[in-house]
Every structure is written in C-alpha cells, then in structure tokens.
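Beneath this line is the structure, given in structure tokens, with notes to follow.
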Amino acid sequence: MALKSRNKVDVAFNMSSMTDIVFLLLVFFIVLSTLISPYGLNVVLPNSTVKVQGPRNYTITITKDGEFALNGEIMVDVFSLEETLKQKLANVQNPGIVVKADEMVPLGIVVQIMDIANRNKYKLVIATKP
C-alpha cells in the first residue's frame, strides 16, 4: 500500500520582499539626489575629452596674476568687466561667455565671474584643456 503525502512543497521564490527593498532604495536615492547641490550655479562644464559647442559671444581670460581680458582687451577689475559685458551683450539673444582661467587662479575670482553670469542670465562655459 503506497501512502502519498497530501502536502506538496512549493518551490517558487517569492519576489515581493525583494521588490520592496528595491523600491525603498529607489526612494532613498531620489530624496538624497535632491539634497546634493541646492545652492550651485548653473554652469555648463565641458568634459576635457569631448569638445562642447556652446554660445560664444565673448571670452574672458584670467591670467595667474589676476588680470582680466575680454576678447583680448585688458580690464582693470571685475566691476568694470561686468559693466562692459552688460553694454556689449544688451541686445544679444542667449548671450554666452567662455572663461579661460589659468590653473593657478584662485577659485574665488572664477566664482565672481560665475556670479556675474548668474545675475545677468548669461550662459557660462569654463574652458579646459583637451
């Protein structure tokens, strides 16, 4: 007489707990990504291996001595640079600036130019070596 078991063992894997963990991690990283840089300026940073084309109305060059040049014309300080940019870019649609700063230039000077671009709604590209 062959006796058979009435309870069958189910070999299926339940994925509901795994999906709960995945959704929890997804929500965690979405919330975390909103807290990363709320006070950053919107700046287009080109990758040094890929050439990025952007609007290029004027080029600001900063030497390691702290001298400013707007398209080759030497400026005295940041304030005269801002006034000159306002005058020259007044009637330009989607004005853009390329900043070429020496690697020895303090970060504060570059941030001042980024602040000028942010106040006047200019697009800003920081040039790097290819």
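Chain labels A, B, ... are given in the sequence in which chains occur in the structure tokens; within each chain residues are numbered consecutively from 1, and ligands are likewise numbered from 1 in the order shown.
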
Polymer residues at most 7 Å from Asn71 in chain A, only C-alpha atoms, same-chain spacing of 6 or more positions, as a ChimeraX atom specification = /A:58-60

Apply DSSP to the backbone of this structure and, from chain A, keep only the residues in alpha helix (DSSP H); write these as number ranges by chain.
-> A: 16-34, 78-88, 107-120

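The two atoms in question, CA of Leu32 in chain A and CA of Asp20 in chain A, are spaced 18.3 Å apart.
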
Work out how far CA of Lys64 in chain A is from CA of Ala117 in chain A, in Å to one decimal.
->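 Atom-to-atom, CA of Ala117 in chain A and CA of Lys64 in chain A are spaced 21.0 Å apart.
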
For Leu81 in chain A, which residue among A:Ile109, A:Met104, A:Leu26, A:Ala69 is the nearest when counting only C-alpha atoms?
->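 Nearest to Leu81 in chain A: A:Ala69.
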